[in-house]
Structure formats: C-alpha cells, structure tokens
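Comments concern the structure below.
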Amino acid sequence: MTRSASRSVHVSLAVLAVLVAAGLSVGIWAWLGRPVHIVDLPGGRLQCLSYTPASDGASPLDAKDGVYPVSKARIAADMKVLSKYTDCIRTYSMLGEQGEVMAAAAAAGIKVMVGIWIGAEDKRNEREIDRALALANEYPQAVRCIVVGNEVLLRREMTGERLARIIRSVKARTRFPVT
C-alpha cells in the first residue's frame, strides 16, 4: 500500500470515528433529554410546601434584623392560592410580617411547620423564639410542629451542643412537637 493510500485510510477511519462519536453523543443527549412522565400527586395535593412571604418590593434578601415589609393582604392571598395545593406549609421565621403567616394559614385551613430562625446572636434568637411560641399559642389549630435552627449548623454559626440546648429549651416551653 502506498503512503498516499495509507494516509487516505487513516483519514477515513478518523472521520468515521468522529461521526460515530458524534452520533453516540447526540443519541445519549436525546435519551437524557426525553420527556419523563411525572406521577400525579395523590389527590392532586402536596404534603407540605416551604413558604416565605415576599413581593416585588420585599424579600428576605432585603431584611434588616430578619424583618422586611410584606402586606397582610399578600400573605392572605398566598395562603388562599396555596390551600388549593397543600394543607401544610413550612416557614423559616416568625419575626415581623412573617409572623402574619400564622393568622392567614389558620384562616385558610393550612397547618404550619413553624420555623424559628436561629443564628449567632442570642438576643435575636430569643426574640425569634418568643414570637414563634406566642404565635403558636395564639393559633394552635394551625401548628403542625415547631422547627428550630434550620441551617445554623450549615452556616457554622454555633455548635451542635449549643443548638441542642436551644431545642431542649424550646421543647420545655411548648406542648407542640419540636424538631
């Protein structure tokens, strides 16, 4: 075989290899991107949803000391819509207008996993705990449980032992399940 013929065979094999690789790549991506049937929810409802009130002008990202303005009407409207899809929400804080969620959820027949945002500042933690427990006692029909310290360990703002002490102290102050 001549040098020219040998080169032609190598080029042909290289082109064939590239075409096979491209075909496999397209096939794999087409298979990965195919539509997948999602099973309907039993009864068309979700077990529970995370909820933080927000609007165009207010969100937790703009909060000062955990507080930001969201209207009661916005929260009530959200609860009305959410009640069509779930009978449970999980909150993250009860400070400021976020605490208005309890009344709106109770009115909409939604149970609340009451979130208590725990951080590095003891005084803010106490305000958060006191407000959450007061609202839980005011709207007991809306309380599913109380959640203490969602991401404080992830943020490395306190030790597990310190968080455990806070959880035990909250448990001692309420009749609701605490996690």
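By convention here, the chains of the structure tokens are called A, B, ... in the order presented, each chain's residues are numbered starting at 1, and ligands are numbered starting at 1 in the order presented.
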With a distance cut-off of 8 Å and only C-alpha atoms, select the neighbouring residues of Ser50 in chain A, excluding the residue or stretch itself and same-chain residues fewer than 6 positions from it, and output the selection as a compact mmCIF listing (two decimals) with N, CA, C and O atoms, in the first residue's frame.
# COMPACT_ATOMS: atom_id res chain seq x y z
N ILE A 89 -47.67 24.18 55.29
CA ILE A 89 -46.53 24.97 54.84
C ILE A 89 -45.46 24.93 55.92
O ILE A 89 -45.75 24.67 57.09
N ARG A 90 -44.25 25.19 55.52
CA ARG A 90 -43.11 25.26 56.44
C ARG A 90 -42.54 26.66 56.31
O ARG A 90 -42.25 27.12 55.22
N THR A 91 -42.44 27.37 57.42
CA THR A 91 -41.89 28.72 57.42
C THR A 91 -40.47 28.70 57.98
O THR A 91 -40.01 27.67 58.49
With a cut-off of 12 Å, could you pull out the residues of range 93-125 of chain A touching range 158-173 of chain A and give me the nearest pair of atoms for each, distance in Å to one decimal, using only C-alpha atoms, ordered by chain and ascending number, as a tab-separated table?
residue	atom	partner	partner_atom	distance
A:Ile116	CA	A:Val170	CA	10.0
A:Trp117	CA	A:Leu163	CA	11.5
A:Ile118	CA	A:Leu163	CA	8.4
A:Gly119	CA	A:Met158	CA	7.5
A:Ala120	CA	A:Met158	CA	6.3
A:Glu121	CA	A:Met158	CA	9.8
A:Asp122	CA	A:Ile166	CA	10.1
A:Asn125	CA	A:Ile166	CA	9.2
Would you put the residues from that selection into a file with all heavy atoms, as a CSV table (one decimal), in the first residue's frame?
chain,number,residue,atom,x,y,z
A,116,ILE,N,-38.3,28.6,63.4
A,116,ILE,CA,-37.6,29.5,64.2
A,116,ILE,C,-36.2,29.7,63.7
A,116,ILE,O,-35.4,28.7,63.8
A,116,ILE,CB,-37.6,29.0,65.7
A,116,ILE,CG1,-39.0,28.9,66.2
A,116,ILE,CG2,-36.7,30.0,66.6
A,116,ILE,CD1,-39.1,28.4,67.7
A,117,TRP,N,-35.9,30.8,63.2
A,117,TRP,CA,-34.6,31.1,62.6
A,117,TRP,C,-33.6,31.3,63.7
A,117,TRP,O,-33.7,32.2,64.5
A,117,TRP,CB,-34.6,32.3,61.7
A,117,TRP,CG,-33.3,32.5,61.0
A,117,TRP,CD1,-32.2,33.3,61.4
A,117,TRP,CD2,-32.9,32.0,59.7
A,117,TRP,NE1,-31.2,33.2,60.5
A,117,TRP,CE2,-31.6,32.4,59.4
A,117,TRP,CE3,-33.5,31.1,58.8
A,117,TRP,CZ2,-30.9,32.1,58.3
A,117,TRP,CZ3,-32.9,30.8,57.7
A,117,TRP,CH2,-31.6,31.3,57.4
A,118,ILE,N,-32.6,30.5,63.8
A,118,ILE,CA,-31.6,30.6,64.9
A,118,ILE,C,-30.3,31.0,64.2
A,118,ILE,O,-29.9,30.5,63.1
A,118,ILE,CB,-31.4,29.2,65.6
A,118,ILE,CG1,-32.7,28.8,66.3
A,118,ILE,CG2,-30.2,29.3,66.6
A,118,ILE,CD1,-33.1,29.8,67.4
A,119,GLY,N,-29.6,31.9,64.8
A,119,GLY,CA,-28.3,32.4,64.3
A,119,GLY,C,-27.3,32.6,65.4
A,119,GLY,O,-27.5,32.0,66.5
A,120,ALA,N,-26.3,33.3,65.2
A,120,ALA,CA,-25.2,33.5,66.2
A,120,ALA,C,-25.6,34.5,67.3
A,120,ALA,O,-25.0,34.4,68.4
A,120,ALA,CB,-23.9,34.0,65.5
A,121,GLU,N,-26.6,35.4,67.1
A,121,GLU,CA,-26.9,36.4,68.1
A,121,GLU,C,-28.0,35.9,69.0
A,121,GLU,O,-29.1,35.7,68.7
A,121,GLU,CB,-27.4,37.6,67.4
A,121,GLU,CG,-26.4,38.3,66.5
A,121,GLU,CD,-27.0,39.5,65.7
A,121,GLU,OE1,-27.9,40.2,66.3
A,121,GLU,OE2,-26.6,39.6,64.5
A,122,ASP,N,-27.6,35.8,70.3
A,122,ASP,CA,-28.6,35.3,71.3
A,122,ASP,C,-29.8,36.1,71.5
A,122,ASP,O,-30.9,35.6,71.6
A,122,ASP,CB,-27.9,35.1,72.7
A,122,ASP,CG,-26.8,34.0,72.7
A,122,ASP,OD1,-27.0,33.0,71.9
A,122,ASP,OD2,-25.9,34.1,73.5
A,125,ASN,N,-32.1,35.5,68.7
A,125,ASN,CA,-32.7,34.1,68.8
A,125,ASN,C,-33.8,34.2,69.8
A,125,ASN,O,-34.9,33.5,69.6
A,125,ASN,CB,-31.6,33.2,69.3
A,125,ASN,CG,-30.6,32.9,68.2
A,125,ASN,OD1,-30.8,33.2,67.0
A,125,ASN,ND2,-29.4,32.4,68.6
Legend entry - Long-range neighbours of Asp78 in chain A as a list in words, 12 Å cut-off, only C-alpha atoms, 2 positions minimum in chain: Tyr51, Thr52, Pro53, Ala54, Ser55, Val70, Ser71, Lys72, Ala73, Arg74, Ile75, Ala76, Lys80, Val81, Leu82, Ser83, Lys84, Tyr85, Thr86, Ile89, Glu100, Val101, Ala104, Ala105, Ala107, Ala108 and Ile110 of chain A
Residue selection dump (N, CA, C and O atoms) as a compact mmCIF listing (two decimals), in the first residue's frame:
# COMPACT_ATOMS: atom_id res chain seq x y z
N TYR A 51 -42.54 28.01 52.60
CA TYR A 51 -43.13 29.30 52.27
C TYR A 51 -42.44 30.42 53.03
O TYR A 51 -42.25 30.35 54.24
N THR A 52 -42.08 31.44 52.31
CA THR A 52 -41.60 32.70 52.87
C THR A 52 -42.31 33.80 52.12
O THR A 52 -42.24 33.86 50.89
N PRO A 53 -43.03 34.68 52.83
CA PRO A 53 -43.74 35.74 52.12
C PRO A 53 -42.76 36.69 51.44
O PRO A 53 -41.71 37.01 51.99
N ALA A 54 -43.13 37.12 50.24
CA ALA A 54 -42.30 38.06 49.50
C ALA A 54 -43.18 38.78 48.49
O ALA A 54 -44.27 38.32 48.16
N SER A 55 -42.70 39.91 48.03
CA SER A 55 -43.38 40.66 46.98
C SER A 55 -42.31 41.34 46.15
O SER A 55 -41.11 41.21 46.43
N VAL A 70 -44.00 42.95 54.18
CA VAL A 70 -44.88 42.27 53.23
C VAL A 70 -46.30 42.46 53.79
O VAL A 70 -46.53 42.25 54.97
N SER A 71 -47.22 42.83 52.93
CA SER A 71 -48.57 43.14 53.41
C SER A 71 -49.32 41.89 53.86
O SER A 71 -49.11 40.79 53.34
N LYS A 72 -50.22 42.10 54.82
CA LYS A 72 -51.09 41.00 55.27
C LYS A 72 -51.94 40.50 54.11
O LYS A 72 -52.21 39.30 54.00
N ALA A 73 -52.35 41.43 53.23
CA ALA A 73 -53.18 41.04 52.08
C ALA A 73 -52.41 40.10 51.15
O ALA A 73 -52.97 39.13 50.63
N ARG A 74 -51.11 40.35 50.95
CA ARG A 74 -50.28 39.49 50.09
C ARG A 74 -50.20 38.09 50.70
O ARG A 74 -50.33 37.09 50.02
N ILE A 75 -49.96 38.04 52.00
CA ILE A 75 -49.85 36.75 52.69
C ILE A 75 -51.17 35.99 52.65
O ILE A 75 -51.21 34.80 52.35
N ALA A 76 -52.29 36.69 52.90
CA ALA A 76 -53.61 36.05 52.85
C ALA A 76 -53.91 35.53 51.45
O ALA A 76 -54.43 34.42 51.29
N LYS A 80 -54.53 31.59 50.32
CA LYS A 80 -55.71 31.17 49.58
C LYS A 80 -55.31 30.33 48.37
O LYS A 80 -55.89 29.28 48.10
N VAL A 81 -54.28 30.77 47.65
CA VAL A 81 -53.81 30.01 46.48
C VAL A 81 -53.18 28.69 46.92
O VAL A 81 -53.48 27.63 46.37
N LEU A 82 -52.31 28.74 47.94
CA LEU A 82 -51.63 27.52 48.38
C LEU A 82 -52.59 26.48 48.93
O LEU A 82 -52.32 25.28 48.82
N SER A 83 -53.70 26.92 49.52
CA SER A 83 -54.65 25.96 50.09
C SER A 83 -55.24 25.03 49.03
O SER A 83 -55.75 23.96 49.36
N LYS A 84 -55.15 25.41 47.76
CA LYS A 84 -55.63 24.55 46.68
C LYS A 84 -54.67 23.39 46.42
O LYS A 84 -55.04 22.40 45.82
N TYR A 85 -53.40 23.54 46.86
CA TYR A 85 -52.36 22.56 46.54
C TYR A 85 -51.81 21.81 47.73
O TYR A 85 -51.16 20.78 47.57
N THR A 86 -52.02 22.34 48.94
CA THR A 86 -51.46 21.70 50.13
C THR A 86 -52.25 22.09 51.36
O THR A 86 -52.98 23.09 51.36
N ILE A 89 -47.67 24.18 55.29
CA ILE A 89 -46.53 24.97 54.84
C ILE A 89 -45.46 24.93 55.92
O ILE A 89 -45.75 24.67 57.09
N GLU A 100 -47.29 37.06 60.36
CA GLU A 100 -48.66 37.17 59.87
C GLU A 100 -49.11 35.90 59.16
O GLU A 100 -50.29 35.70 58.92
N VAL A 101 -48.15 35.06 58.81
CA VAL A 101 -48.47 33.80 58.13
C VAL A 101 -49.37 32.94 59.02
O VAL A 101 -50.27 32.25 58.52
N ALA A 104 -53.09 33.97 58.68
CA ALA A 104 -53.56 33.70 57.32
C ALA A 104 -53.67 32.19 57.07
O ALA A 104 -54.62 31.73 56.44
N ALA A 105 -52.70 31.42 57.57
CA ALA A 105 -52.74 29.97 57.39
C ALA A 105 -53.92 29.38 58.16
O ALA A 105 -54.63 28.51 57.64
N ALA A 107 -56.71 30.83 58.90
CA ALA A 107 -57.93 31.19 58.19
C ALA A 107 -58.14 30.35 56.94
O ALA A 107 -59.27 30.07 56.55
N ALA A 108 -57.03 29.93 56.32
CA ALA A 108 -57.11 29.13 55.09
C ALA A 108 -57.15 27.63 55.36
O ALA A 108 -57.22 26.84 54.42
N ILE A 110 -54.71 25.83 56.71
CA ILE A 110 -53.39 25.27 56.44
C ILE A 110 -52.62 25.11 57.75
O ILE A 110 -52.61 26.01 58.58
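What separates CA of Ala132 in chain A from CA of Ser93 in chain A is a distance of 7.8 Å.
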Legend entry - Backbone-only DSSP, helix (DSSP H, G or I) members of range 35-139 of chain A, as a PyMOL selection string: chain A and resi 42-44+60-62+72-82+96-108+122-138
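Residues of range 18-116 of chain A that DSSP, applied to the backbone, places in strand (DSSP E): A:Leu49, A:Ser50, A:Cys88, A:Ile89, A:Arg90, A:Lys111, A:Val112, A:Met113, A:Val114, A:Gly115, A:Ile116.
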Expected file contents, prior selection, all heavy atoms, as a PDB file, in the first residue's frame:
ATOM      1  N   LEU A  49     -45.320  22.461  51.734  1.00  0.00           N
ATOM      2  CA  LEU A  49     -44.505  23.358  50.923  1.00  0.00           C
ATOM      3  C   LEU A  49     -43.743  24.328  51.816  1.00  0.00           C
ATOM      4  O   LEU A  49     -44.268  24.770  52.829  1.00  0.00           O
ATOM      5  CB  LEU A  49     -45.392  24.194  49.983  1.00  0.00           C
ATOM      6  CG  LEU A  49     -46.113  23.480  48.863  1.00  0.00           C
ATOM      7  CD1 LEU A  49     -47.088  24.433  48.181  1.00  0.00           C
ATOM      8  CD2 LEU A  49     -45.116  22.958  47.861  1.00  0.00           C
ATOM      9  N   SER A  50     -42.545  24.680  51.426  1.00  0.00           N
ATOM     10  CA  SER A  50     -41.817  25.745  52.116  1.00  0.00           C
ATOM     11  C   SER A  50     -42.397  27.078  51.666  1.00  0.00           C
ATOM     12  O   SER A  50     -42.711  27.249  50.487  1.00  0.00           O
ATOM     13  CB  SER A  50     -40.330  25.693  51.767  1.00  0.00           C
ATOM     14  OG  SER A  50     -39.756  24.530  52.294  1.00  0.00           O
ATOM     15  N   CYS A  88     -50.360  22.136  54.240  1.00  0.00           N
ATOM     16  CA  CYS A  88     -49.223  22.328  55.148  1.00  0.00           C
ATOM     17  C   CYS A  88     -48.179  23.228  54.490  1.00  0.00           C
ATOM     18  O   CYS A  88     -47.851  23.054  53.325  1.00  0.00           O
ATOM     19  CB  CYS A  88     -48.597  20.973  55.475  1.00  0.00           C
ATOM     20  SG  CYS A  88     -47.039  21.071  56.390  1.00  0.00           S
ATOM     21  N   ILE A  89     -47.673  24.178  55.285  1.00  0.00           N
ATOM     22  CA  ILE A  89     -46.527  24.972  54.843  1.00  0.00           C
ATOM     23  C   ILE A  89     -45.464  24.926  55.922  1.00  0.00           C
ATOM     24  O   ILE A  89     -45.753  24.672  57.086  1.00  0.00           O
ATOM     25  CB  ILE A  89     -46.893  26.435  54.523  1.00  0.00           C
ATOM     26  CG1 ILE A  89     -47.457  27.138  55.752  1.00  0.00           C
ATOM     27  CG2 ILE A  89     -47.816  26.518  53.321  1.00  0.00           C
ATOM     28  CD1 ILE A  89     -47.577  28.633  55.606  1.00  0.00           C
ATOM     29  N   ARG A  90     -44.247  25.187  55.521  1.00  0.00           N
ATOM     30  CA  ARG A  90     -43.114  25.260  56.442  1.00  0.00           C
ATOM     31  C   ARG A  90     -42.539  26.655  56.311  1.00  0.00           C
ATOM     32  O   ARG A  90     -42.248  27.118  55.217  1.00  0.00           O
ATOM     33  CB  ARG A  90     -42.080  24.201  56.049  1.00  0.00           C
ATOM     34  CG  ARG A  90     -41.009  23.978  57.104  1.00  0.00           C
ATOM     35  CD  ARG A  90     -39.779  24.778  56.742  1.00  0.00           C
ATOM     36  NE  ARG A  90     -38.604  24.282  57.415  1.00  0.00           N
ATOM     37  CZ  ARG A  90     -37.956  24.973  58.343  1.00  0.00           C
ATOM     38  NH1 ARG A  90     -38.364  26.149  58.712  1.00  0.00           N
ATOM     39  NH2 ARG A  90     -36.870  24.486  58.884  1.00  0.00           N
ATOM     40  N   LYS A 111     -52.003  23.954  57.919  1.00  0.00           N
ATOM     41  CA  LYS A 111     -51.133  23.721  59.075  1.00  0.00           C
ATOM     42  C   LYS A 111     -49.754  24.317  58.793  1.00  0.00           C
ATOM     43  O   LYS A 111     -49.313  24.366  57.647  1.00  0.00           O
ATOM     44  CB  LYS A 111     -50.972  22.222  59.353  1.00  0.00           C
ATOM     45  CG  LYS A 111     -52.235  21.547  59.779  1.00  0.00           C
ATOM     46  CD  LYS A 111     -52.542  21.870  61.209  1.00  0.00           C
ATOM     47  CE  LYS A 111     -53.710  21.022  61.699  1.00  0.00           C
ATOM     48  NZ  LYS A 111     -54.069  21.347  63.057  1.00  0.00           N
ATOM     49  N   VAL A 112     -49.070  24.730  59.857  1.00  0.00           N
ATOM     50  CA  VAL A 112     -47.773  25.382  59.713  1.00  0.00           C
ATOM     51  C   VAL A 112     -46.708  24.621  60.495  1.00  0.00           C
ATOM     52  O   VAL A 112     -46.897  24.318  61.673  1.00  0.00           O
ATOM     53  CB  VAL A 112     -47.817  26.848  60.209  1.00  0.00           C
ATOM     54  CG1 VAL A 112     -46.460  27.522  60.050  1.00  0.00           C
ATOM     55  CG2 VAL A 112     -48.891  27.632  59.472  1.00  0.00           C
ATOM     56  N   MET A 113     -45.615  24.318  59.809  1.00  0.00           N
ATOM     57  CA  MET A 113     -44.407  23.868  60.494  1.00  0.00           C
ATOM     58  C   MET A 113     -43.674  25.172  60.812  1.00  0.00           C
ATOM     59  O   MET A 113     -43.046  25.773  59.951  1.00  0.00           O
ATOM     60  CB  MET A 113     -43.588  22.955  59.587  1.00  0.00           C
ATOM     61  CG  MET A 113     -44.312  21.659  59.249  1.00  0.00           C
ATOM     62  SD  MET A 113     -43.425  20.632  58.054  1.00  0.00           S
ATOM     63  CE  MET A 113     -42.064  20.062  59.052  1.00  0.00           C
ATOM     64  N   VAL A 114     -43.822  25.634  62.045  1.00  0.00           N
ATOM     65  CA  VAL A 114     -43.378  26.961  62.463  1.00  0.00           C
ATOM     66  C   VAL A 114     -41.853  27.003  62.544  1.00  0.00           C
ATOM     67  O   VAL A 114     -41.258  26.373  63.415  1.00  0.00           O
ATOM     68  CB  VAL A 114     -43.985  27.335  63.829  1.00  0.00           C
ATOM     69  CG1 VAL A 114     -43.521  28.715  64.268  1.00  0.00           C
ATOM     70  CG2 VAL A 114     -45.508  27.253  63.776  1.00  0.00           C
ATOM     71  N   GLY A 115     -41.248  27.759  61.655  1.00  0.00           N
ATOM     72  CA  GLY A 115     -39.798  27.872  61.638  1.00  0.00           C
ATOM     73  C   GLY A 115     -39.297  28.930  62.589  1.00  0.00           C
ATOM     74  O   GLY A 115     -39.828  30.040  62.640  1.00  0.00           O
ATOM     75  N   ILE A 116     -38.285  28.580  63.351  1.00  0.00           N
ATOM     76  CA  ILE A 116     -37.604  29.522  64.236  1.00  0.00           C
ATOM     77  C   ILE A 116     -36.179  29.665  63.721  1.00  0.00           C
ATOM     78  O   ILE A 116     -35.379  28.727  63.811  1.00  0.00           O
ATOM     79  CB  ILE A 116     -37.597  29.036  65.705  1.00  0.00           C
ATOM     80  CG1 ILE A 116     -39.030  28.937  66.230  1.00  0.00           C
ATOM     81  CG2 ILE A 116     -36.742  29.953  66.566  1.00  0.00           C
ATOM     82  CD1 ILE A 116     -39.124  28.425  67.671  1.00  0.00           C
TER      83      ILE A 116
END
Inset, instruction - For Arg175 in chain A, please output as a list in words all residues within 12 Å (counting only C-alpha atoms; exclusion window: fewer than 5 positions along the same chain). - result: Leu133, Ala136, Asn137, Pro140, Val143, Arg144, Cys145, Ile146 and Val170 of chain A
